[in-house]
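Undergrad: Below you will find the structure I want to go over with you.
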Amino acid sequence: MRAFLRRSAVLLLLTPAYTYAQQPGKKPLDHTVYDGWQSIGAKTISNDGKWVAYVIQPQEGDATLVVTDSKGTRKLEVPRGITPSVTEDSKYVLFTIKPLYKDTRQARIKKKKPDEMPRDTMAYVQLGSHEIIRIPQVKTFKTPEKGAGVIAYTLEKPKADTSAKKRELKGQPHYDSFLDADDDKPGSDKPTDGSTLVIWNYAKKTIDTVKNVTDFTFSKPGNKLLLVTKPDKKDSLAKPSVMLWDIASRKTDILNRGAGNYKFFTFDEEGRQVAYLAERDSAKAIQKSHKLYYYAPGADSAVIVADNNSKGIPAKWGVSENGSLSFSKDGKKLFFGTSPVAPPKDTNIVDFEVAKVDVWHYQDDYLQTQQLKTLDRDLKKSFTAVYYPATKQLVQLADRKMDFLIFPDNNNGPYALGYSDYDQRIALQWTGKTLKTLYLVNTVTGERKVIKDKLIGLQNISPEGKFINWFDLEKSQHFAYEVATGVTREITTAIPTKLADEENDVPDFAGSYGAPTWLEGDKYLYVNDRYDIWQVDPQGKEAPVMITGGYGRKTRTVLRYVKLDKEEKFIRPKQSLLLSAYNDSTKYGGYFSLKLGDKKGPQQIALGPYGYLGIEKAVNADMFLFQRMNYVESPDVYAGKNIASAVKLSAINPQQKEYNWGTAELFKWTTFSGKQTEGILYKPEDFDPSKKYPVLFYFYEKLTDGLYGYQPPAPTPSRLNISFFVSRGYLVLAPDISYEIGHPGESAYDYIVSGAEALTKNPWADKANMGIQGQSWGGYQVAYLVTRTNMFKAAWAGAPVANMTSAYGGIRWESGMNRQFQYEHTQSRIGATLWEKPELYIENSPLFHLPKVNTPMVIMANDADGAVPWYQGIELFTGLRRLGKPVWMLNYNNEAHNLVQRQNRKDIQVREQQFFDHMLKGAPAAQWIKYGLPATDKGRNWGFENAAE
């Protein structure tokens, strides 16, 4: 990375003479700013609302944890602190301190082994204090999900002299536990199979340690701790065991003794019952089997309640090690996974003598490519079963013909929703959608009843299990099946507005406006139209009521319920709701409040030229935590009782004021076909209407929702680095595009070229120096546009489809799916098969129109692209090359559809700037542009320097 910065520094010496005039005292952004540009990482607020912790993360380098009161008056900064977690009682914040970035980098350069890499450190701060307590050698630490007063962590065995650390910790409450990890002997290097577990009860000011622990889990309320010990093999008296530690009494019950592989420790809601899986076969056993253990309070030990021979489990099936364990809320049911027992591996097979072949069959559920992509998942697939501790009854609920289950909130009721696309999977190849059968499943008997066949849509079960609801995409309506009566009702036909996407422009069913929310007791459910929220009676007795009073549609403001409690499963009567707000016209973001049953309707809290991120509320206080941003303001952290007047806690990226930034505004025009549209116009901060500026157009589908989004200068995966180019004297227009089915290319031409003509009616937009850039679907549109117009002087297409006829039958390698569905039903928008309308595939394929191209173009096509096969880029490149057109192709080796490796992201930013600066500003051509980059120079010369004249 440092070598890259040295190389890019050469570029910085070459560009200033070709940039447009900058505001005095303000610098243009360059490629050296990326690493230090900051964002907010994890953030959290204490349950009492008095304290906030958040992480400031540079793009590359060391993070900083900030712990502050919610007024921002008492701040503590912790270098390299990450992952803050506040205890339930709001007394402590726990976090991890990472090693120095430079130390980790050096270790990677030296190719050190994982156990030789620099280690994290656990640390905590008592809220209100500025003292940071560090605990070295911590492998992992946990706190109860809902309990307080106790923290548990495991310590690694020190491998070096730790005397300095011991001196640092001396006098701290954890000093003895650090010694214990070292067997109380400085310099001891005695190996063990487990770690020392430290149980710190800070409420009672006690510390306990348990040696040789390999795993541990808290109960939800924090009253119990389940742990596994694996003593040193040399200790013949000690036995591996599963232990239950009582937090209050500090005493232990042994649930199991003996060696084994224990996993998936699970408590009931009250922390009384326990379940886990164990595999205790011999290490030499060819075939392993797992058993389900259950422990009830007062029992001597845990007992096996399910194994491969249990009644209720299908023949040749067994307990799955890949299933999940959970108790119902009342603790009367224990859910676990089963699966067919795999045959033992034939040890007589010699690998190099076995044929390696994939057999494709026309009646396969899934293409072989999909099967191979999901092979590991399918081998680990499990099917839900339930055990009843009171009756010792075991019931298999799911199987291959009905493999998915959704339970009501508490899992207490006798029914669940089952669904499957069994026998309906082949058509997925060209529809791209699953065709599902819905079942009502009796969790006591295992009986199932079909309640809906061949559904294309989304389904769920109400919190108390009284109704099963779904949105039918074909009918664009919500339905409810009443469990008690077996009656299905279409419950939203009386709503006069559309409940599916009003702007749908793909040849498929329009999607819904989000999933419904239920009222307590399953009395009502709340569904969205484009702008407003409706209260609907699932029994169909009451007419739907618009609880937002029509405010949303009247003002073109999208109102949506915000779930602030992570565990909330339903809305309560007369609850005061927080609604997010987004205005379609102004693009303003904000929040409204709405009290159920109040005729006042939505009440504005905040609405303005901002975007909001990640709002959360303190559990026990009216205190909100969120981020707010626009194009000029970084997404900083705010906290307050009132969102509109919240206190700004962070101030990331103060360096931005040193650079020529920019502005963002809506730009509107009429397309060639007479449609009204808009886009975001970005201008430099020092914009001077008396000058002319080169213009870049960046597009995908619709982008104006991001008007008030912050665009940090960052090496992007392949999108246009908008803030970078704007800072350096470019205008950027990001137009919205709507599509006519069958003619996506011409639709792009209609919107983009008409936008370019409208913009260049302004004397400050340089019509002679315009370029276009797009990635993926945007890359396809770039490739199409240069076959239709010569008005753009330069083009950059990332991962474009060039030939729809060859792409149609291809594979999306990241999923293994065939691409037919994409052309017939989704983004590519042809709306017919290749055999039905071949002329549309040819019309929309740039490859067939390449002789018309006169625009120099760079293509990015990566050889590990899992969405658009890179041979599409090759077809485009070789076609243009054959015709003698100026074209370049970048193949980032082993890279995906969007660049992942940061060094590659940095590389493409430099090349993109050099290309557009050369084509639109007259800067000298870099070596790679003029001469290319021979394979013999790969890894030695990047071709960034100016080409010799």
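Labeling convention for the structure tokens: chains A, B, ... as they appear, residues from 1 per chain, ligands from 1 in order of appearance.
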Quick one: everything within 10 Å of Lys205 in chain A, counting only C-alpha atoms, minus sequence neighbours fewer than 4 positions away in the same chain. Send it as a count of residues only.

TA: 5

Undergrad: Just the residues within 9 Å of Gln38 in chain A, please, counting only C-alpha atoms, with nothing from its chain fewer than 4 positions along; format it as a PDB file with C-alpha atoms, in the first residue's frame.

TA:
```
ATOM      1  CA  TYR A  34      -8.390   8.377   1.196  1.00  0.00           C
ATOM      2  CA  ILE A  56     -14.372   6.719  14.555  1.00  0.00           C
ATOM      3  CA  GLN A  57     -12.863   4.612  11.805  1.00  0.00           C
ATOM      4  CA  PRO A  58     -10.405   5.859   9.167  1.00  0.00           C
ATOM      5  CA  GLN A  59     -10.526   4.088   5.832  1.00  0.00           C
ATOM      6  CA  GLU A  60      -7.138   2.611   6.673  1.00  0.00           C
ATOM      7  CA  SER A 634     -20.234  14.050   7.202  1.00  0.00           C
ATOM      8  CA  ILE A 652     -15.317  13.639  11.873  1.00  0.00           C
ATOM      9  CA  ASN A 653     -13.359  14.858   8.884  1.00  0.00           C
ATOM     10  CA  PRO A 712     -16.659  10.551   1.032  1.00  0.00           C
TER      11      PRO A 712
END
```

Undergrad: Would you pick out the contacts of Gln368 in chain A at 8 Å or less, using only C-alpha atoms, so that residues sharing its chain but fewer than 2 positions from it are not included, and give the list as a list of chain:residue names?

TA: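 Neighbouring residues, sequence-local ones excluded: A:Asp358, A:Val359, A:Trp360, A:Tyr366, A:Gln370, A:Gln371, A:Leu372, A:Gly816.
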
Undergrad: For the residues in that selection, give me C-alpha atoms as a JSON list (two decimals), in the first residue's frame.

TA:
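New file again.json:
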```
[["chain", "number", "residue", "atom", "x", "y", "z"],
["A", 358, "ASP", "CA", -20.81, -33.14, -12.89],
["A", 359, "VAL", "CA", -23.90, -34.72, -14.45],
["A", 360, "TRP", "CA", -26.48, -32.16, -15.61],
["A", 366, "TYR", "CA", -31.46, -26.78, -9.58],
["A", 370, "GLN", "CA", -26.34, -23.78, -8.21],
["A", 371, "GLN", "CA", -25.96, -27.18, -6.56],
["A", 372, "LEU", "CA", -22.19, -26.82, -6.46],
["A", 816, "GLY", "CA", -24.86, -20.43, -9.89]]
```

Undergrad: Check which residues of range 647-672 of chain A sit at most 12 Å from range 587-599 of chain A using only C-alpha atoms, and return one row each with the closest pair of atoms and their distance in Å to one decimal, ordered by chain and rising number, as JSON lines.

TA:
```
{"residue": "A:Ala664", "atom": "CA", "partner": "A:Lys587", "partner_atom": "CA", "distance": 11.6}
{"residue": "A:Glu665", "atom": "CA", "partner": "A:Lys587", "partner_atom": "CA", "distance": 10.1}
{"residue": "A:Leu666", "atom": "CA", "partner": "A:Lys587", "partner_atom": "CA", "distance": 9.1}
```

Undergrad: Hey, can you spit out that residue selection with C-alpha atoms as a short mmCIF file (atom, residue, chain, number, x, y, z; two decimals), in the first residue's frame?

TA:
```
data_model
loop_
_atom_site.label_atom_id
_atom_site.label_comp_id
_atom_site.auth_asym_id
_atom_site.auth_seq_id
_atom_site.Cartn_x
_atom_site.Cartn_y
_atom_site.Cartn_z
CA ALA A 664 -25.51 18.95 -4.63
CA GLU A 665 -28.82 20.14 -6.10
CA LEU A 666 -31.74 18.80 -8.11
#
```

Undergrad: Let's see if you can do this: from backbone DSSP, list all helix (DSSP H, G or I) residues in range 4-163 of chain A, as a VMD selection string.

TA: chain A and resid 4 to 14 16 to 18 101 to 109 114 to 116 163

Undergrad: Go ahead and save the residues from that selection, with N, CA and C atoms, as a tab-separated table (two decimals), in the first residue's frame.

TA:
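Output contents, as saved in out-v6.tsv:
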```
chain	number	residue	atom	x	y	z
A	4	PHE	N	2.10	1.86	-3.31
A	4	PHE	CA	1.07	2.44	-4.17
A	4	PHE	C	1.01	3.95	-3.99
A	5	LEU	N	1.08	4.41	-2.74
A	5	LEU	CA	1.02	5.85	-2.50
A	5	LEU	C	2.21	6.56	-3.12
A	6	ARG	N	3.36	5.90	-3.10
A	6	ARG	CA	4.52	6.52	-3.75
A	6	ARG	C	4.29	6.63	-5.25
A	7	ARG	N	3.68	5.60	-5.82
A	7	ARG	CA	3.43	5.64	-7.26
A	7	ARG	C	2.40	6.71	-7.59
A	8	SER	N	1.33	6.78	-6.76
A	8	SER	CA	0.30	7.77	-7.06
A	8	SER	C	0.79	9.19	-6.83
A	9	ALA	N	1.83	9.35	-5.99
A	9	ALA	CA	2.38	10.68	-5.78
A	9	ALA	C	2.96	11.24	-7.07
A	10	VAL	N	3.46	10.35	-7.92
A	10	VAL	CA	3.95	10.79	-9.22
A	10	VAL	C	2.84	11.46	-9.99
A	11	LEU	N	1.65	10.86	-9.92
A	11	LEU	CA	0.50	11.41	-10.64
A	11	LEU	C	0.18	12.81	-10.15
A	12	LEU	N	0.30	13.02	-8.83
A	12	LEU	CA	-0.07	14.32	-8.27
A	12	LEU	C	0.82	15.44	-8.81
A	13	LEU	N	2.03	15.08	-9.17
A	13	LEU	CA	2.93	16.09	-9.73
A	13	LEU	C	2.54	16.45	-11.16
A	14	LEU	N	1.75	15.58	-11.78
A	14	LEU	CA	1.45	15.78	-13.19
A	14	LEU	C	0.14	16.52	-13.44
A	16	PRO	N	-1.78	19.17	-11.53
A	16	PRO	CA	-2.26	20.50	-11.19
A	16	PRO	C	-2.42	21.46	-12.36
A	17	ALA	N	-1.56	21.40	-13.35
A	17	ALA	CA	-1.64	22.35	-14.46
A	17	ALA	C	-2.89	22.12	-15.30
A	18	TYR	N	-3.55	20.99	-15.11
A	18	TYR	CA	-4.69	20.67	-15.96
A	18	TYR	C	-5.99	20.67	-15.19
A	101	TYR	N	-2.11	-0.65	13.80
A	101	TYR	CA	-2.25	-1.07	12.40
A	101	TYR	C	-0.88	-1.37	11.79
A	102	LYS	N	0.10	-0.54	12.11
A	102	LYS	CA	1.43	-0.73	11.53
A	102	LYS	C	2.06	-2.03	12.00
A	103	ASP	N	1.76	-2.44	13.24
A	103	ASP	CA	2.31	-3.69	13.75
A	103	ASP	C	1.67	-4.89	13.06
A	104	THR	N	0.38	-4.84	12.87
A	104	THR	CA	-0.31	-5.92	12.16
A	104	THR	C	0.15	-5.99	10.72
A	105	ARG	N	0.33	-4.82	10.11
A	105	ARG	CA	0.80	-4.78	8.72
A	105	ARG	C	2.17	-5.42	8.61
A	106	GLN	N	3.08	-5.08	9.52
A	106	GLN	CA	4.42	-5.65	9.48
A	106	GLN	C	4.38	-7.17	9.69
A	107	ALA	N	3.50	-7.62	10.56
A	107	ALA	CA	3.39	-9.06	10.80
A	107	ALA	C	2.89	-9.78	9.56
A	108	ARG	N	1.99	-9.12	8.83
A	108	ARG	CA	1.50	-9.73	7.59
A	108	ARG	C	2.60	-9.75	6.53
A	109	ILE	N	3.38	-8.68	6.49
A	109	ILE	CA	4.51	-8.63	5.54
A	109	ILE	C	5.49	-9.77	5.83
A	114	PRO	N	-0.85	-17.33	12.44
A	114	PRO	CA	-1.94	-16.70	13.20
A	114	PRO	C	-1.65	-16.53	14.68
A	115	ASP	N	-1.02	-17.54	15.31
A	115	ASP	CA	-0.75	-17.42	16.75
A	115	ASP	C	0.43	-16.50	17.06
A	116	GLU	N	1.09	-16.00	16.01
A	116	GLU	CA	2.20	-15.06	16.20
A	116	GLU	C	1.78	-13.62	15.88
A	163	SER	N	6.03	-10.14	32.73
A	163	SER	CA	6.28	-9.38	33.95
A	163	SER	C	5.87	-7.92	33.80
```
